[in-house]
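**Student:** If it helps, the file is called data.cif and holds mmCIF, C-alpha atoms:
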data_structure
loop_
_atom_site.label_atom_id
_atom_site.label_comp_id
_atom_site.auth_asym_id
_atom_site.auth_seq_id
_atom_site.Cartn_x
_atom_site.Cartn_y
_atom_site.Cartn_z
CA MET V 1 0.84 -3.13 19.57
CA THR V 2 2.25 0.33 18.86
CA LEU V 3 -0.12 0.59 15.88
CA LEU V 4 -3.06 -0.49 18.05
CA VAL V 5 -2.30 2.04 20.82
CA THR V 6 -1.90 4.86 18.25
CA VAL V 7 -5.15 3.90 16.47
CA PHE V 8 -6.99 4.06 19.83
CA ALA V 9 -5.45 7.51 20.46
CA ALA V 10 -6.48 8.63 16.95
CA VAL V 11 -10.06 7.39 17.37
CA ILE V 12 -10.44 8.98 20.84
CA SER V 13 -9.04 12.34 19.68
CA THR V 14 -11.34 12.27 16.63
CA VAL V 15 -14.39 11.56 18.81
CA VAL V 16 -13.40 14.43 21.13
CA TRP V 17 -12.97 16.70 18.07
CA TYR V 18 -16.34 15.64 16.66
CA ALA V 19 -18.06 16.18 20.02
CA GLY V 20 -17.39 19.89 19.73
CA ALA V 21 -13.74 20.52 20.38
CA TYR V 22 -13.37 21.89 16.82
CA LYS V 23 -15.37 24.93 17.93
CA SER V 24 -13.54 25.34 21.23
CA GLY V 25 -10.23 26.44 19.68
CA MET V 26 -8.32 23.80 21.67
CA LYS V 27 -6.52 22.59 18.53
CA VAL V 28 -7.69 18.98 19.00
CA GLY V 29 -7.55 18.64 15.20
CA MET V 30 -3.77 18.74 15.49
CA LEU V 31 -3.84 15.64 17.70
CA CYS V 32 -6.10 13.89 15.17
CA PHE V 33 -3.70 14.64 12.31
CA MET V 34 -0.67 13.50 14.32
CA TYR V 35 -2.16 10.20 15.50
CA TRP V 36 -3.88 9.36 12.20
CA GLY V 37 -0.71 10.17 10.26
CA ALA V 38 1.34 7.89 12.52
CA SER V 39 -1.33 5.16 12.45
CA LEU V 40 -1.40 5.11 8.64
CA MET V 41 2.40 4.95 8.49
CA TRP V 42 2.57 2.11 11.02
CA LEU V 43 -0.16 0.36 9.07
CA ALA V 44 2.11 0.37 6.00
CA ASP V 45 4.94 -0.92 8.20
CA ALA V 46 2.66 -3.68 9.56
CA VAL V 47 1.64 -4.76 6.04
CA PHE V 48 5.29 -5.19 5.05
CA GLU V 49 6.06 -7.04 8.28
CA TYR V 50 3.06 -9.33 7.74
CA ALA V 51 4.20 -10.02 4.17
CA GLU V 52 7.60 -10.99 5.55
CA THR V 53 6.68 -13.01 8.64
CA GLY V 54 3.15 -14.25 7.85
CA ALA V 55 0.89 -15.38 10.72
CA GLU V 56 3.81 -15.02 13.14
CA PHE V 57 3.09 -11.29 13.00
CA PHE V 58 -0.04 -11.85 15.12
CA THR V 59 1.69 -13.92 17.78
CA PRO V 60 4.41 -11.74 19.28
CA SER V 61 6.17 -12.80 22.45
CA ALA V 62 5.11 -11.27 25.76
CA ALA V 63 8.35 -9.27 25.96
CA GLU V 64 7.84 -7.86 22.44
CA MET V 65 4.24 -6.96 23.23
CA LEU V 66 5.22 -5.22 26.44
CA ASN V 67 7.99 -3.24 24.72
CA ASP V 68 5.68 -2.25 21.86
CA PHE V 69 2.94 -1.27 24.32
CA TYR V 70 5.43 0.84 26.26
CA LEU V 71 6.53 2.44 22.97
CA GLY V 72 2.90 3.07 21.97
CA LEU V 73 2.16 4.81 25.28
CA SER V 74 5.35 6.87 24.92
CA VAL V 75 4.31 7.91 21.39
CA VAL V 76 0.87 8.97 22.66
CA ALA V 77 2.50 10.90 25.52
CA LEU V 78 4.88 12.63 23.08
CA GLY V 79 1.93 13.60 20.87
CA LEU V 80 0.12 15.07 23.90
CA VAL V 81 3.24 16.99 24.97
CA ILE V 82 3.63 18.47 21.46
CA TRP V 83 -0.07 19.40 21.45
CA VAL V 84 0.10 21.11 24.88
CA ALA V 85 3.28 22.96 23.86
CA VAL V 86 1.66 24.27 20.65
CA LEU V 87 -1.51 25.16 22.57
CA LEU V 88 0.44 27.17 25.16
CA ILE V 89 2.65 28.87 22.56
CA LYS V 90 -0.21 29.83 20.23
CA ASP V 91 -2.48 30.51 23.22
CA PRO V 92 -5.74 30.80 21.21
CA LYS V 93 -7.82 31.72 24.26
CA GLY V 94 -5.27 34.16 25.68
CA VAL V 95 -5.11 32.23 28.97
CA VAL V 96 -1.29 32.20 29.19
CA LYS V 97 -1.09 35.89 28.34
CA ALA V 98 -3.71 36.70 30.99
CA ALA V 99 -1.89 34.56 33.60
CA ILE V 100 1.45 36.25 32.87
CA LEU V 101 0.05 39.75 32.92
CA ARG V 102 -2.02 39.16 36.07
CA LYS V 103 -0.26 40.36 39.20
CA MET J 104 15.67 2.04 9.54
CA ALA J 105 14.82 5.42 8.06
CA CYS J 106 11.46 4.93 6.34
CA PHE J 107 10.05 8.08 8.00
CA ILE J 108 12.41 10.23 5.88
CA VAL J 109 10.25 9.69 2.75
CA PRO J 110 6.99 11.07 4.27
CA ALA J 111 9.05 13.79 6.01
CA ALA J 112 10.50 14.85 2.64
CA GLU J 113 6.99 14.89 1.17
CA ALA J 114 5.87 16.98 4.17
CA VAL J 115 8.53 19.61 3.35
CA ILE J 116 7.42 19.78 -0.30
CA VAL J 117 3.71 19.95 0.61
CA SER J 118 4.33 22.66 3.23
CA VAL J 119 6.16 24.80 0.67
CA ALA J 120 3.39 24.15 -1.89
CA SER J 121 0.77 25.12 0.70
CA LYS J 122 2.52 28.42 1.47
CA LEU J 123 2.92 29.22 -2.25
CA THR J 124 -0.72 28.38 -2.96
CA ALA J 125 -1.88 30.50 -0.01
CA SER J 126 0.04 33.52 -1.30
CA ASN J 127 -1.54 33.10 -4.75
CA GLU J 128 -5.10 32.70 -3.47
CA LYS J 129 -6.67 36.12 -3.60
CA GLU J 130 -10.19 35.71 -2.39
CA ILE J 131 -11.91 32.91 -0.54
CA GLU J 132 -14.95 31.76 -2.46
CA THR J 133 -18.17 31.64 -0.48
CA VAL J 134 -20.99 29.16 -0.94
CA ASN J 135 -24.49 29.95 0.26
CA VAL J 136 -26.10 27.10 2.15
CA GLU J 137 -29.83 26.88 2.76
CA LEU J 138 -30.24 25.78 6.35
CA ASP J 139 -33.94 25.32 7.02
CA GLY J 140 -35.60 26.01 3.69
CA GLU J 141 -35.75 29.76 4.31
CA ASN J 142 -32.55 31.06 5.85
CA VAL J 143 -29.49 31.09 3.63
CA GLU J 144 -26.08 31.22 5.23
CA ALA J 145 -22.86 32.08 3.43
CA VAL J 146 -20.21 29.46 4.09
CA LYS J 147 -16.58 29.95 3.09
CA LYS J 148 -15.29 27.36 0.65
CA VAL J 149 -12.18 25.62 1.99
CA PRO J 150 -9.23 27.05 0.03
CA PHE J 151 -6.86 24.56 -1.61
CA SER J 152 -3.94 25.82 0.50
CA ARG J 153 -5.84 24.72 3.63
CA LYS J 154 -6.49 21.33 2.08
CA LEU J 155 -2.76 21.02 1.41
CA LYS J 156 -2.19 21.93 5.06
CA TRP J 157 -4.27 18.89 6.09
CA LEU J 158 -1.86 16.69 4.12
CA SER J 159 1.22 18.40 5.55
CA ASN J 160 -0.20 18.01 9.10
CA LEU J 161 -0.76 14.30 8.53
CA LEU J 162 2.74 13.87 7.11
CA TRP J 163 4.55 15.99 9.72
CA GLY J 164 2.65 14.42 12.62
CA GLY J 165 3.16 10.88 11.40
CA SER J 166 6.81 11.20 10.46
CA GLY J 167 7.57 13.04 13.71
CA LEU J 168 6.13 10.24 15.84
CA LEU J 169 7.82 7.64 13.64
CA ALA J 170 11.15 9.43 14.08
CA PHE J 171 10.67 8.99 17.84
CA GLU J 172 10.13 5.24 17.28
CA HIS J 173 13.43 5.11 15.39
CA VAL J 174 15.19 6.87 18.27
CA TRP J 175 13.58 4.31 20.61
CA HIS J 176 15.02 1.45 18.56
CA GLY J 177 18.45 3.11 18.33
CA GLU J 178 18.23 3.63 14.56
CA VAL J 179 18.45 7.41 14.85
CA THR J 180 21.07 9.07 17.04
CA PRO J 181 21.53 12.73 18.03
CA TRP J 182 25.12 12.71 16.70
CA PHE J 183 26.57 12.49 13.19
CA PRO J 184 25.72 10.67 10.90
CA PHE J 185 22.38 10.55 12.80
CA LEU J 186 21.37 7.25 11.19
CA THR J 187 23.15 4.19 12.58
CA ALA J 188 22.69 2.44 9.22
CA ALA J 189 24.92 5.08 7.63
CA ASN J 190 27.96 3.62 9.43
CA ASP J 191 27.98 0.44 7.34
CA SER J 192 27.62 0.18 3.55
CA ALA J 193 25.54 -3.04 3.76
CA ASP J 194 23.17 -1.42 6.26
CA LEU J 195 23.05 1.68 4.08
CA LEU J 196 21.88 -0.40 1.13
CA SER J 197 19.10 -2.04 3.16
CA MET J 198 18.15 1.39 4.52
CA PHE J 199 17.65 2.73 0.98
CA GLN J 200 15.75 -0.42 0.08
CA GLU J 201 13.44 0.11 3.08
CA MET J 202 12.96 3.76 2.21
CA SER J 203 12.01 2.87 -1.37
CA THR J 204 9.49 0.21 -0.30
CA VAL J 205 8.06 0.91 3.19
CA GLY J 206 8.74 4.67 3.13
CA VAL J 207 7.17 5.22 -0.28
CA THR J 208 4.15 3.07 0.71
CA MET J 209 3.71 5.13 3.90
CA ALA J 210 3.72 8.38 1.93
CA ALA J 211 1.37 6.89 -0.69
CA ILE J 212 -1.16 5.64 1.90
CA VAL J 213 -1.27 8.99 3.70
CA THR J 214 -1.66 10.82 0.37
CA ALA J 215 -4.40 8.41 -0.74
CA VAL J 216 -6.35 8.96 2.51
CA TRP J 217 -5.96 12.73 2.01
CA GLY J 218 -7.31 12.22 -1.54
CA VAL J 219 -10.45 10.64 -0.03
CA PHE J 220 -10.78 13.68 2.32
CA LEU J 221 -10.49 15.91 -0.72
CA ALA J 222 -13.18 14.03 -2.64
CA VAL J 223 -15.57 14.15 0.36
CA SER J 224 -14.90 17.87 0.88
CA SER J 225 -15.41 18.70 -2.83
CA SER J 226 -18.61 16.66 -2.94
CA ALA J 227 -19.97 18.50 0.14
CA GLU J 228 -19.14 21.86 -1.46
CA LYS J 229 -20.81 20.82 -4.73
CA LYS J 230 -23.91 19.64 -2.87
CA ALA J 231 -24.08 22.97 -1.04
CA SER J 232 -23.90 25.02 -4.26
CA ASN J 233 -26.36 22.72 -6.07
CA GLY J 234 -28.76 23.02 -3.13
CA LEU J 235 -28.62 26.78 -3.41
CA LEU J 236 -29.20 26.70 -7.19
CA SER J 237 -32.28 24.49 -6.84
CA ALA J 238 -33.57 26.70 -4.01
CA GLU J 239 -33.16 29.79 -6.20
CA LYS J 240 -34.96 28.07 -9.11
CA GLY J 241 -37.84 27.10 -6.81
CA ARG J 242 -38.43 30.72 -5.80
#
Let's see the structure in the file written out as structure tokens.

**Tutor:**
Amino acid sequence: MTLLVTVFAAVISTVVWYAGAYKSGMKVGMLCFMYWGASLMWLADAVFEYAETGAEFFTPSAAEMLNDFYLGLSVVALGLVIWVAVLLIKDPKGVVKAAILRK
Amino acid sequence: MACFIVPAAEAVIVSVASKLTASNEKEIETVNVELDGENVEAVKKVPFSRKLKWLSNLLWGGSGLLAFEHVWHGEVTPWFPFLTAANDSADLLSMFQEMSTVGVTMAAIVTAVWGVFLAVSSSAEKKASNGLLSAEKGR
């Protein structure tokens, strides 16, 4: 479930990047790298888990699914927080600087 | 248990390699691309240091989010020895086993996907320079 949520986040951020965000200087590429990197790593984890548990891997209990979904959402939220923090620190459009200097 | 440490270690090495490569790259090569049969636009070739940065971004991003997952599951703690598996020798052994199997596979998959990126990027650059050569021959 965590893998699934992260893959959705990776696909959505890539579509946003492709739609023109790469020209906007909003650093959406960073989100793509983060989510794709995590998705690929969880994919490797899932392959090993599947090799160990077999078909049981696809039938998790409701409690496991809920916990993994909660974890997936938390991971996506953490990625977004890191992205916003980097965006505000690097301030490519000078918005933060302008807001601070404005009286 | 601590599988994210392997891609994180690779991320450190790749980041250092990227910085070293960037300092050795003197001039960015430009490739002229013919846009509409008449107008030619100079496009900067992606330097290898930037391509290495793609890999380090994938590795840092992925291992960072995976580290959070390990905190979630109580496998990483903010106090010494930081990894709960390090408290017990049996757990330590299975941690190293996981790092050498799952961790190495994670790093290998990410690197392989980056390799595909690299091939696509190089092919696009080759096509651009070949297009210019044929356009120049046609004139």

**Student:** Starting from chain J, keep only residues with some atom at most 10 Å from an atom of chain V, counting only C-alpha atoms, and report them as a ChimeraX atom specification.

**Tutor:** /J:106-107,110,157-169,171-172,175-176,201,204-214,216

**Student:** Would you work out the distance separating CA of Ser152 in chain J from CA of Lys129 in chain J, expressed in Å to one decimal?

**Tutor:** 11.4 Å

**Student:** Would you mind telling me which residue in V:Met1, V:Val15, V:Ala9, V:Ala98 lies nearest to Tyr70 in chain V when using only C-alpha atoms?

**Tutor:** V:Met1

**Student:** Kindly give the distance, in Å, that separates CA of Leu4 in chain V and CA of Leu80 in chain V, rounded to a single decimal.

**Tutor:**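 Separation of CA of Leu4 in chain V and CA of Leu80 in chain V: 16.9 Å.
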
**Student:** Between CA of Ala114 in chain J and CA of Gly218 in chain J, what distance in Å does the model show, to one decimal?

**Tutor:**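 The value is 15.1 Å.
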
**Student:** Using only C-alpha atoms, which residues sit within 12 Å of Leu186 in chain J once same-chain residues fewer than 6 positions away are excluded, as a VMD selection string?

**Tutor:** chain J and resid 104 to 108 170 173 to 174 176 to 180 194 to 195 198 to 199

**Student:** Could you write out the selected residues, including C-alpha atoms, as a PDB file, in the coordinates of the input?

**Tutor:**
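File produced: again_14.pdb:
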ATOM      1  CA  MET J 104      15.670   2.040   9.540  1.00  0.00           C
ATOM      2  CA  ALA J 105      14.820   5.420   8.060  1.00  0.00           C
ATOM      3  CA  CYS J 106      11.460   4.930   6.340  1.00  0.00           C
ATOM      4  CA  PHE J 107      10.050   8.080   8.000  1.00  0.00           C
ATOM      5  CA  ILE J 108      12.410  10.230   5.880  1.00  0.00           C
ATOM      6  CA  ALA J 170      11.150   9.430  14.080  1.00  0.00           C
ATOM      7  CA  HIS J 173      13.430   5.110  15.390  1.00  0.00           C
ATOM      8  CA  VAL J 174      15.190   6.870  18.270  1.00  0.00           C
ATOM      9  CA  HIS J 176      15.020   1.450  18.560  1.00  0.00           C
ATOM     10  CA  GLY J 177      18.450   3.110  18.330  1.00  0.00           C
ATOM     11  CA  GLU J 178      18.230   3.630  14.560  1.00  0.00           C
ATOM     12  CA  VAL J 179      18.450   7.410  14.850  1.00  0.00           C
ATOM     13  CA  THR J 180      21.070   9.070  17.040  1.00  0.00           C
ATOM     14  CA  ASP J 194      23.170  -1.420   6.260  1.00  0.00           C
ATOM     15  CA  LEU J 195      23.050   1.680   4.080  1.00  0.00           C
ATOM     16  CA  MET J 198      18.150   1.390   4.520  1.00  0.00           C
ATOM     17  CA  PHE J 199      17.650   2.730   0.980  1.00  0.00           C
TER      18      PHE J 199
END

**Student:** Since I can't run it myself right now, could you work out what the PyMOL selection byres ((chain J and resi 150) around 9) selects here and report it as a PyMOL selection string?

**Tutor:** chain J and resi 125+128+131-132+147-149+151-155

**Student:** Now that the selection is made, can you save its residues with C-alpha atoms as a PDB file, keeping the file's coordinate frame?

**Tutor:**
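Result went into again-v1.pdb, see below:
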ATOM      1  CA  ALA J 125      -1.880  30.500  -0.010  1.00  0.00           C
ATOM      2  CA  GLU J 128      -5.100  32.700  -3.470  1.00  0.00           C
ATOM      3  CA  ILE J 131     -11.910  32.910  -0.540  1.00  0.00           C
ATOM      4  CA  GLU J 132     -14.950  31.760  -2.460  1.00  0.00           C
ATOM      5  CA  LYS J 147     -16.580  29.950   3.090  1.00  0.00           C
ATOM      6  CA  LYS J 148     -15.290  27.360   0.650  1.00  0.00           C
ATOM      7  CA  VAL J 149     -12.180  25.620   1.990  1.00  0.00           C
ATOM      8  CA  PHE J 151      -6.860  24.560  -1.610  1.00  0.00           C
ATOM      9  CA  SER J 152      -3.940  25.820   0.500  1.00  0.00           C
ATOM     10  CA  ARG J 153      -5.840  24.720   3.630  1.00  0.00           C
ATOM     11  CA  LYS J 154      -6.490  21.330   2.080  1.00  0.00           C
ATOM     12  CA  LEU J 155      -2.760  21.020   1.410  1.00  0.00           C
TER      13      LEU J 155
END
